[in-house]
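Enquirer: Handing you a structure now.
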Amino acid sequence: LNELELDETPVQQRVKPQAMHDVEAYRLMTKEERTKGAVDLQHWIAYAKAIGKSLYVFGGYAVVAEVARVTIDFWLSWWSSSEEAGAYLSFVVVYIIFAASSAACSYGRGVAIVDGCHLASQHLHRTMYQRVTRAPIAFFQTTPVGRIVNRFGKDMGAMDTELSSNINNLVASAMQALGTLVVVAVVLPQIVVVFIPILP
């Protein structure tokens, strides 16, 4: 150890100026906050408000589509137990009307939620753009550019491509389950007693 020559030059002088600048810039950057798990209810409410009136149109189409689907089940039951002679054409026409109504409302439900999510994305993108462009200089000094670009790119892209289809599938499945329960309850009222303990 005695033969080694120790460099007593301060570390700040031995580090290159550019490297020191990078270190200081890194220290200024804030740590990205991430939330794991379920999305808070307040965020869903804010997104629903951003969708606007299209959400009511979507809900209306969803209800009418399910009512038409359930009506088809009852109509087929009535048709199979009917003994009226010469009423075949009437049953077929009514069946086609209900089936076409269900299909049309299902299509309208999909169009309504896609249009609503498109409007919500525009609103949220505009709001985020205004917040970023009006942010103080300190925000850009403490936030990496890549983090900002990801918000406008990847995150907004996920909202545009995934949320509308997921919401549509969720509501369709929920309405179908509810409609099935209604049919079962009408045909076999005793089954309602089984579902009472599991109701919230």
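Scheme for the structure tokens: letters A, B, ... for chains in order shown; per-chain residue numbers from 1; ligand numbers from 1 in order shown.
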Which residues are near range 53-56 of chain A? Cut-off 10 Å, only C-alpha atoms, ignore same chain within fewer than 2 positions. Put them as a ChimeraX atom specification.

Expert: /A:48-51,58-62,109,111-117,119-120

Enquirer: Could you pull out the alpha helix (DSSP H) residues of range 37-155 of chain A, going by DSSP on the backbone, and write them as a PyMOL selection string?

Expert: chain A and resi 41-51+54-81+88-133+137-142+145-150

Enquirer: Report, in Å with one decimal, the straight-line distance from CA of Glu66 in chain A to CA of Val93 in chain A.

Expert: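 CA of Glu66 in chain A sits 19.3 Å away from CA of Val93 in chain A.
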
Enquirer: Calculated over only C-alpha atoms, which of the candidates A:Gly37, A:Gly110, A:Gly52, A:Gly157 has the smallest distance to Leu170 in chain A?

Expert: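 Counting only C-alpha atoms, the residue closest to Leu170 in chain A is A:Gly110.
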
Enquirer: If you measure from CA of Pro144 in chain A to CA of Met159 in chain A, what distance in Å do you get, rounded to one decimal?

Expert: 22.1 Å
